[in-house]
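The structure under discussion appears below in the form of structure tokens.
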Amino acid sequence: MSNNIPHYWAIVPAAGQGSRMGHTRPKQYLPLHGKPILQHTLERLNLPRIKGIVVCIAANDSDWQTLTLPRTVMSVVGGVERCHSVLNGLQALQPQAQPNDWVLVHDAARPCVRPADIDKLMTQLADHPVGGLLAVPVRDTMKRVSALPPQPLPHPFWGERGVEVIETVNRENLWHALTPQMFRLEALTLALQHVLNQQETVTDEAQAMERQGYRPVLIEGHADNIKVTLPQDLNLAELYLQQQDFS
């Protein structure tokens with residue numbers, strides 16, 4: 001294949017500990033439907049069009065070697081925040097990838113992403129100058145609440161039963177951002193470097209690109225592409241995986 005034709009690569013930031021799961025083991029290694037969460041995720045990314053996968057793991061990760069990987073996968077040491085890990089992954093790709101190659105960044109804890117949605121993202125944005133991400137429209141009524149104070153109880157808008165609503169947000173034109181998020185290797189590298197040089201952080205790659213003036217495109221995916229964050233998410237992810245097995 002000519003170097004002028006972009007390849008597709010994937011980066012999976014997996015250096016976090018997932019403290020909200022309340023477990024001593026990092027959440028990406030918790031068992032789900034017979035396999036560790038991260039193994040499910042890597043198998044979903046094991047598509048013919050994706051040339052290679054880089055997983056960004058913690059320096060003291062003792063679980064990585066226990067995975068049964070679907071094919072050769074490169075691992076690199078991640079960073080303090082997601083954006084640091086992704087930048088490390090991008091830098092690891094540079095010796096073998098082209099600046100114009102596509103990079104799909106996918107959360108380690110999204111094991112239910114549908115391969116068809118990944119393929120849809122790659123196909124619909126193949127010729128786009130910027131790239132974009134999977135997303136789903138917001139369907140619920142959205143509420144904005146008062147900021148949570150350091151000492152909750154004395155705060156006039158905060159009590160033992162919850163936090164008060166200060167306004168209802170118009171959900172029109174609001175979407176839930178998912179992953180993968182797909183951008184060009186060089187452009188995403190420069191965007192993340194700029195953010196970190198400003199001593200700032202971003203919560204996803206699209207935000208870094210937006211800071212550079214780009215407008216990522218949203219490609220509608222499926223709502224079962226959930227991120228396992230809390231203990232109850234494991235049961236929901238298990239249900240989704242079972243449903244997908246019989247679809």
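We name chains A, B, ... following the order of the structure tokens; residues begin at 1 in each chain, and ligands are numbered from 1 as shown.
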Exercise for the section: Write out as a ChimeraX atom specification all residues of stretch 84-205 of chain A that DSSP puts in alpha helix (DSSP H) for this structure's backbone. Expected result: /A:84-93,115-124,185-197,205
Practice task
With a distance cut-off of 10 Å and only C-alpha atoms, select the neighbouring residues of A:Tyr240, excluding the residue or stretch itself and same-chain residues fewer than 5 positions from it, and output the selection as a ChimeraX atom specification.
Solution key: /A:111-113,224-226,234-235,245
Exercise for the section: Rounded to one decimal place, report the atom CA of A:Leu230-atom CA of A:Lys27 distance in Å. Expected result: 9.3 Å
Practice task
Using atom CA of A:Pro129 and atom CA of A:His176 as the two end points, give the distance in Å to one decimal.
Solution key: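 Atom-to-atom, atom CA of A:Pro129 to atom CA of A:His176, that is 22.6 Å.
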Handout entry: Option closest in space to A:Gln243, from A:Gln212, A:Pro36, A:Asp204, A:Arg114 [counting only C-alpha atoms]
Key = A:Arg114
Compile a residue-level contact table for stretch 21-80 of chain A against stretch 178-197 of chain A at a cut-off of 12 Å, reporting for every qualifying residue the shortest atom pair and its distance in Å to one decimal, with only C-alpha atoms counted, rows ordered by chain and ascending number, as JSON lines.
{"residue": "A:Thr41", "atom": "CA", "partner": "A:Pro180", "partner_atom": "CA", "distance": 11.0}
{"residue": "A:Arg44", "atom": "CA", "partner": "A:Pro180", "partner_atom": "CA", "distance": 11.0}
{"residue": "A:Leu45", "atom": "CA", "partner": "A:Pro180", "partner_atom": "CA", "distance": 9.5}
{"residue": "A:Ile50", "atom": "CA", "partner": "A:Met182", "partner_atom": "CA", "distance": 11.9}
{"residue": "A:Gly79", "atom": "CA", "partner": "A:Leu196", "partner_atom": "CA", "distance": 12.0}
{"residue": "A:Val80", "atom": "CA", "partner": "A:Leu196", "partner_atom": "CA", "distance": 11.8}
